[in-house]
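A quick write-up on the structure given underneath.
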Amino acid sequence: MRRGMFLATAAVAATGLLLAGCGGSDDSGGGGGGETTSASAAKVGVILPDTKSSARWETADRKYLEQAFKDAGVDYDIQNAQGDKTQFQTIADQMITSGVNVLMIVNLDSGSGKAVLQKAQAQGIATIDYDRLTLGGGADFYVSFDNVEVGRLQGQGLEKCLTDAGTTTANIAFLNGSPTDNNATLFKQGAVEALKEKTDSGDYTVVADQDVPDWDNQQAGTIFEQMYTETGGKIDGVLAANDGLGNAAIAILKKNGVNGTVPVTGQDATDQGLQNILAGDQCMTVYKAVKKEADAAAALAVALATGGDTSSLATGTVTDTETDKEVDAVLLKPEAIYFDNVKDVIADGYTTKENVCTEALADACASAGIS
């Protein structure tokens with residue numbers, strides 16, 4: 001897949017548009033409309049997917065999007081479908097009826113997401129795919145991180161942690177994300193690319209490889225326990241697609257008394273993931289600075305809603321593999337997080353020392369330079 005260029009200055013561009021292009025702020029809360037003429041008729045609808053695939057949707061994305069829209073003085077409605085496709089459709093219908101002129105979605109799968117996007121487009125509503133590309137959906141813009149790079153960092157991270165542990169030959173297991181999430185496909189692509197030299201040489205053997213429906217952590221635990229049993233416990237490393245799946249694998253490793261000896265990857269830099277890294281049970285995670293993603297998406301939404309210029313905001317394209325069409329895109333750069341740079345996630349304001357550094361982890365936090 002041809003991927004778009006990184007947008008290194010997305011946050012700056014977003015801030016400039018939100019402050020200059022819309023002229024003012026609205027501190028009334030609750031998504032109230034702006035005071036300026038340019039924003040008076042603007043309304044943005046945002047549908048988040050769930051709280052199960054990652055905690056980030058409610059703890060990070062919602063608050064950053066809300067703040068961006070408030071700063072722009074643009075009316076908004078942010079709702080969470082809680083993993084229910086019927087509810088997703090109902091929310092979309094309500095938003096369309098309410099008069100949104102931009103609809104931003106994080107799809108639950110491309111099929112149901114496509115239906116929502118096409119219904120909005122038929123009503124003349126501009127559309128944005130946020131974080132996940134809806135295959136065949138034809139969104140006007142796509143805002144996300146470079147998801148192949150996310151997987152590449154995970155693969156590189158697993159190899160680094162195995163090497164650091166002195167492991168030269170390894171049996172590895174892939175615990176992939178949902179098969180209906182295009183991002184999961186891209187994560188897997190990047191990880192396989194990163195590990196190709198090792199797997200081609202025979203140094204690493206993939207002994208288990210399975211998707212986890214709906215990113216369900218409970219199912220992930222069951223799947224990984226089956227992997228562990230079927231391989232006779234001969235798993236030396238786990239390529240887990242996010243922190244939730246990684247934690248599910250860690251729980252099974254703990255049950256078998258081998259946590260901390262088998263490197264496990266992750267993604268999203270959740271508090272739990274960071275705690276697992278500090279405890280020595282997780283090798284690494286991938287941090288995606290959600291504020292930059294939310295600000296870039298909000299900038300596009302505000303520009304579309306108010307008739308502003310979007311030409312400088314998207315700096316590349318991605319290919320929709322279902323239609324072979326190019327989608328204007330903003331792709332941000334992810335960052336690998338290990339024990340030594342967990343502090344960077346806290347310093348960035350994504351979470352706090354209080355959330356991560358429990359009493360049991362006080363010494364580990366001190367060793368990691370978290371102050």
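Identifiers for the structure tokens are assigned positionally: chains receive A, B, ... in sequence, residues are indexed from 1 per chain, and ligands are indexed from 1 in the order shown.
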**OP:** Identify, on the basis of only C-alpha atoms, every residue whose closest approach to Gly137 (chain A) does not exceed 12 Å; exclude the query and any residue fewer than 5 positions from it along the same chain; express the result as a PyMOL selection string.
**Re:** chain A and resi 105-107+109-121+127-129+132+142+319-327
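When the distance limit is 6 Å and only C-alpha atoms are what count, the residues near region 46-59 of chain A, minus those fewer than 3 positions from it on the same chain, are Arg62, Ile78, Gln79, Asn80, Ala81, Gln82, Gly83, Leu103, Met104, Ile105, Val106, Leu108 and Trp215 of chain A.
Of the listed residues (A:Asp243, A:Asp328, A:Lys291, A:Leu195), A:Leu195 comes nearest to Lys160 (chain A); the distances count only C-alpha atoms.
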Original post:
Quick one: DSSP alpha helix (DSSP H) residues in region 139-268 of chain A, as a ChimeraX atom specification?
Top reply: /A:147-164,182-201,217-230,243-255
Give one line per residue of region 246-357 of chain A that approaches region 170-193 of chain A to at most 12 Å, naming the two atoms of the closest pair and their distance in Å to one decimal, counting only C-alpha atoms; sort by chain then ascending residue number and deliver it as a tab-separated table.
residue	atom	partner	partner_atom	distance
A:Gly246	CA	A:Leu175	CA	8.1
A:Asn247	CA	A:Leu175	CA	11.2
A:Ala248	CA	A:Leu175	CA	9.9
A:Ala249	CA	A:Leu175	CA	8.5
A:Ile250	CA	A:Leu175	CA	11.8
A:Val262	CA	A:Ile172	CA	9.6
A:Pro263	CA	A:Ile172	CA	9.6
A:Val264	CA	A:Ala173	CA	9.6
A:Thr265	CA	A:Leu175	CA	9.7
A:Gly266	CA	A:Leu175	CA	10.1
A:Gln267	CA	A:Phe187	CA	10.0
A:Val286	CA	A:Phe187	CA	11.0
A:Val318	CA	A:Leu186	CA	11.9
A:Thr319	CA	A:Asn182	CA	11.9
A:Asp320	CA	A:Asn182	CA	10.1
A:Thr321	CA	A:Asn182	CA	9.9
A:Glu322	CA	A:Asn182	CA	11.0
A:Pro334	CA	A:Phe187	CA	11.9
Would you export the selected residues with N, CA and C atoms as an mmCIF file, in the first residue's frame, please?
data_model
loop_
_atom_site.group_PDB
_atom_site.id
_atom_site.type_symbol
_atom_site.label_atom_id
_atom_site.label_comp_id
_atom_site.auth_asym_id
_atom_site.auth_seq_id
_atom_site.Cartn_x
_atom_site.Cartn_y
_atom_site.Cartn_z
ATOM 1 N N GLY A 246 -1.886 -7.487 24.885
ATOM 2 C CA GLY A 246 -0.649 -7.821 25.576
ATOM 3 C C GLY A 246 -0.896 -8.200 27.026
ATOM 4 N N ASN A 247 -1.773 -7.453 27.685
ATOM 5 C CA ASN A 247 -2.079 -7.749 29.088
ATOM 6 C C ASN A 247 -2.781 -9.097 29.220
ATOM 7 N N ALA A 248 -3.620 -9.431 28.238
ATOM 8 C CA ALA A 248 -4.276 -10.741 28.253
ATOM 9 C C ALA A 248 -3.249 -11.860 28.163
ATOM 10 N N ALA A 249 -2.247 -11.669 27.304
ATOM 11 C CA ALA A 249 -1.181 -12.671 27.189
ATOM 12 C C ALA A 249 -0.364 -12.746 28.472
ATOM 13 N N ILE A 250 -0.083 -11.583 29.049
ATOM 14 C CA ILE A 250 0.710 -11.535 30.284
ATOM 15 C C ILE A 250 -0.005 -12.291 31.403
ATOM 16 N N VAL A 262 9.221 -13.712 29.016
ATOM 17 C CA VAL A 262 8.767 -13.762 27.618
ATOM 18 C C VAL A 262 8.398 -12.339 27.200
ATOM 19 N N PRO A 263 9.176 -11.719 26.309
ATOM 20 C CA PRO A 263 8.852 -10.351 25.876
ATOM 21 C C PRO A 263 7.482 -10.276 25.200
ATOM 22 N N VAL A 264 6.727 -9.233 25.532
ATOM 23 C CA VAL A 264 5.401 -9.001 24.972
ATOM 24 C C VAL A 264 5.342 -7.551 24.495
ATOM 25 N N THR A 265 4.831 -7.329 23.293
ATOM 26 C CA THR A 265 4.706 -5.964 22.780
ATOM 27 C C THR A 265 3.322 -5.409 23.094
ATOM 28 N N GLY A 266 3.090 -4.161 22.701
ATOM 29 C CA GLY A 266 1.786 -3.534 22.898
ATOM 30 C C GLY A 266 1.648 -2.298 22.039
ATOM 31 N N GLN A 267 0.621 -1.513 22.337
ATOM 32 C CA GLN A 267 0.339 -0.272 21.606
ATOM 33 C C GLN A 267 -0.672 0.538 22.400
ATOM 34 N N VAL A 286 3.693 1.142 21.849
ATOM 35 C CA VAL A 286 3.829 2.201 20.846
ATOM 36 C C VAL A 286 2.942 3.357 21.276
ATOM 37 N N VAL A 318 -3.503 7.989 1.128
ATOM 38 C CA VAL A 318 -3.425 6.545 1.308
ATOM 39 C C VAL A 318 -4.323 5.915 0.254
ATOM 40 N N THR A 319 -4.043 4.684 -0.083
ATOM 41 C CA THR A 319 -4.831 3.980 -1.074
ATOM 42 C C THR A 319 -5.898 3.149 -0.386
ATOM 43 N N ASP A 320 -7.140 3.362 -0.808
ATOM 44 C CA ASP A 320 -8.226 2.502 -0.369
ATOM 45 C C ASP A 320 -8.106 1.216 -1.181
ATOM 46 N N THR A 321 -7.738 0.127 -0.521
ATOM 47 C CA THR A 321 -7.457 -1.114 -1.249
ATOM 48 C C THR A 321 -8.710 -1.764 -1.818
ATOM 49 N N GLU A 322 -9.885 -1.311 -1.403
ATOM 50 C CA GLU A 322 -11.121 -1.858 -1.962
ATOM 51 C C GLU A 322 -11.485 -1.182 -3.278
ATOM 52 N N PRO A 334 4.395 7.559 14.993
ATOM 53 C CA PRO A 334 4.335 6.931 16.314
ATOM 54 C C PRO A 334 5.726 6.813 16.942
#
**OP:** Name the residues of region 70-200 of chain A that come out as strand (DSSP E or B) in a backbone DSSP run; write them as a PyMOL selection string.
**Re:** chain A and resi 75-80+102-105+126-130+141-145+170-176
**OP:** Identify, on the basis of only C-alpha atoms, every residue whose closest approach to Asn259 (chain A) does not exceed 6 Å; exclude the query and any residue fewer than 4 positions from it along the same chain; express the result as number ranges by chain.
**Re:** A: 253-254, 281
**OP:** Mind checking which residues fall within 7 Å of Gly273 (chain A), counting only C-alpha atoms, ignoring those fewer than 4 positions away in the same chain, and posting them as a list in words?
**Re:** Asp243, Ala269, Ile277 and Thr285 of chain A
Please save N, CA, C and O atoms of the selected residues as a PDB file, in the first residue's frame.
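Writing the result to result26.pdb gives the following:
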ATOM      1  N   ASP A 243      -1.968  -2.895  23.911  1.00  0.00           N
ATOM      2  CA  ASP A 243      -1.701  -3.153  25.326  1.00  0.00           C
ATOM      3  C   ASP A 243      -2.742  -4.071  25.956  1.00  0.00           C
ATOM      4  O   ASP A 243      -2.421  -4.860  26.849  1.00  0.00           O
ATOM      5  N   ALA A 269       0.137   2.940  24.720  1.00  0.00           N
ATOM      6  CA  ALA A 269       0.708   3.532  25.932  1.00  0.00           C
ATOM      7  C   ALA A 269      -0.361   3.763  26.994  1.00  0.00           C
ATOM      8  O   ALA A 269      -0.434   4.829  27.611  1.00  0.00           O
ATOM      9  N   ILE A 277       5.177  -2.481  31.591  1.00  0.00           N
ATOM     10  CA  ILE A 277       6.571  -2.246  31.191  1.00  0.00           C
ATOM     11  C   ILE A 277       7.428  -1.983  32.424  1.00  0.00           C
ATOM     12  O   ILE A 277       8.519  -2.555  32.581  1.00  0.00           O
ATOM     13  N   THR A 285       5.693  -0.643  24.248  1.00  0.00           N
ATOM     14  CA  THR A 285       4.419  -0.250  23.677  1.00  0.00           C
ATOM     15  C   THR A 285       4.692   0.796  22.600  1.00  0.00           C
ATOM     16  O   THR A 285       5.834   1.255  22.454  1.00  0.00           O
TER      17      THR A 285
END
**OP:** Find the residues around Val143 (chain A) up to 7 Å (only C-alpha atoms counted), leave out those fewer than 5 positions away in its own chain, and share them as number ranges by chain.
**Re:** A: 129-131, 293, 297, 329-331
Using the selection just defined, write its residues with N, CA, C and O atoms as a PDB file, in the first residue's frame.
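That gives us part-v1.pdb:
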ATOM      1  N   ASP A 129     -12.587   9.986   8.026  1.00  0.00           N
ATOM      2  CA  ASP A 129     -12.233   8.756   8.734  1.00  0.00           C
ATOM      3  C   ASP A 129     -11.167   9.115   9.757  1.00  0.00           C
ATOM      4  O   ASP A 129     -10.098   9.632   9.395  1.00  0.00           O
ATOM      5  N   TYR A 130     -11.461   8.829  11.011  1.00  0.00           N
ATOM      6  CA  TYR A 130     -10.535   9.154  12.099  1.00  0.00           C
ATOM      7  C   TYR A 130      -9.909   7.866  12.621  1.00  0.00           C
ATOM      8  O   TYR A 130     -10.614   6.945  13.033  1.00  0.00           O
ATOM      9  N   ASP A 131      -8.613   7.792  12.571  1.00  0.00           N
ATOM     10  CA  ASP A 131      -7.788   6.698  13.079  1.00  0.00           C
ATOM     11  C   ASP A 131      -7.885   5.423  12.244  1.00  0.00           C
ATOM     12  O   ASP A 131      -6.879   4.773  12.014  1.00  0.00           O
ATOM     13  N   GLU A 293      -3.212  13.972  16.816  1.00  0.00           N
ATOM     14  CA  GLU A 293      -4.178  13.376  15.889  1.00  0.00           C
ATOM     15  C   GLU A 293      -5.530  14.075  15.992  1.00  0.00           C
ATOM     16  O   GLU A 293      -6.149  14.418  14.979  1.00  0.00           O
ATOM     17  N   ALA A 297      -7.387  16.349  13.097  1.00  0.00           N
ATOM     18  CA  ALA A 297      -8.727  16.002  12.631  1.00  0.00           C
ATOM     19  C   ALA A 297      -9.714  17.136  12.884  1.00  0.00           C
ATOM     20  O   ALA A 297     -10.563  17.445  12.038  1.00  0.00           O
ATOM     21  N   ALA A 329      -4.858  12.429   3.118  1.00  0.00           N
ATOM     22  CA  ALA A 329      -4.574  11.915   4.454  1.00  0.00           C
ATOM     23  C   ALA A 329      -3.582  12.766   5.238  1.00  0.00           C
ATOM     24  O   ALA A 329      -2.754  13.483   4.665  1.00  0.00           O
ATOM     25  N   VAL A 330      -3.706  12.662   6.538  1.00  0.00           N
ATOM     26  CA  VAL A 330      -2.711  13.151   7.491  1.00  0.00           C
ATOM     27  C   VAL A 330      -2.253  11.930   8.269  1.00  0.00           C
ATOM     28  O   VAL A 330      -3.064  11.250   8.904  1.00  0.00           O
ATOM     29  N   LEU A 331      -0.958  11.609   8.182  1.00  0.00           N
ATOM     30  CA  LEU A 331      -0.406  10.475   8.916  1.00  0.00           C
ATOM     31  C   LEU A 331       0.685  10.977   9.856  1.00  0.00           C
ATOM     32  O   LEU A 331       1.659  11.582   9.418  1.00  0.00           O
TER      33      LEU A 331
END
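In this structure, CA of Ala314 (chain A) sits 7.8 Å away from CA of Phe141 (chain A).
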Subject >> Leu274 (chain A) surroundings by only C-alpha atoms, 12 Å radius, close-in-sequence under 5 positions cut, as a ChimeraX atom specification >> reply: /A:242-244,246-247,265-269,279-287,336-346,350-353,355-358,361,364-365,368,370
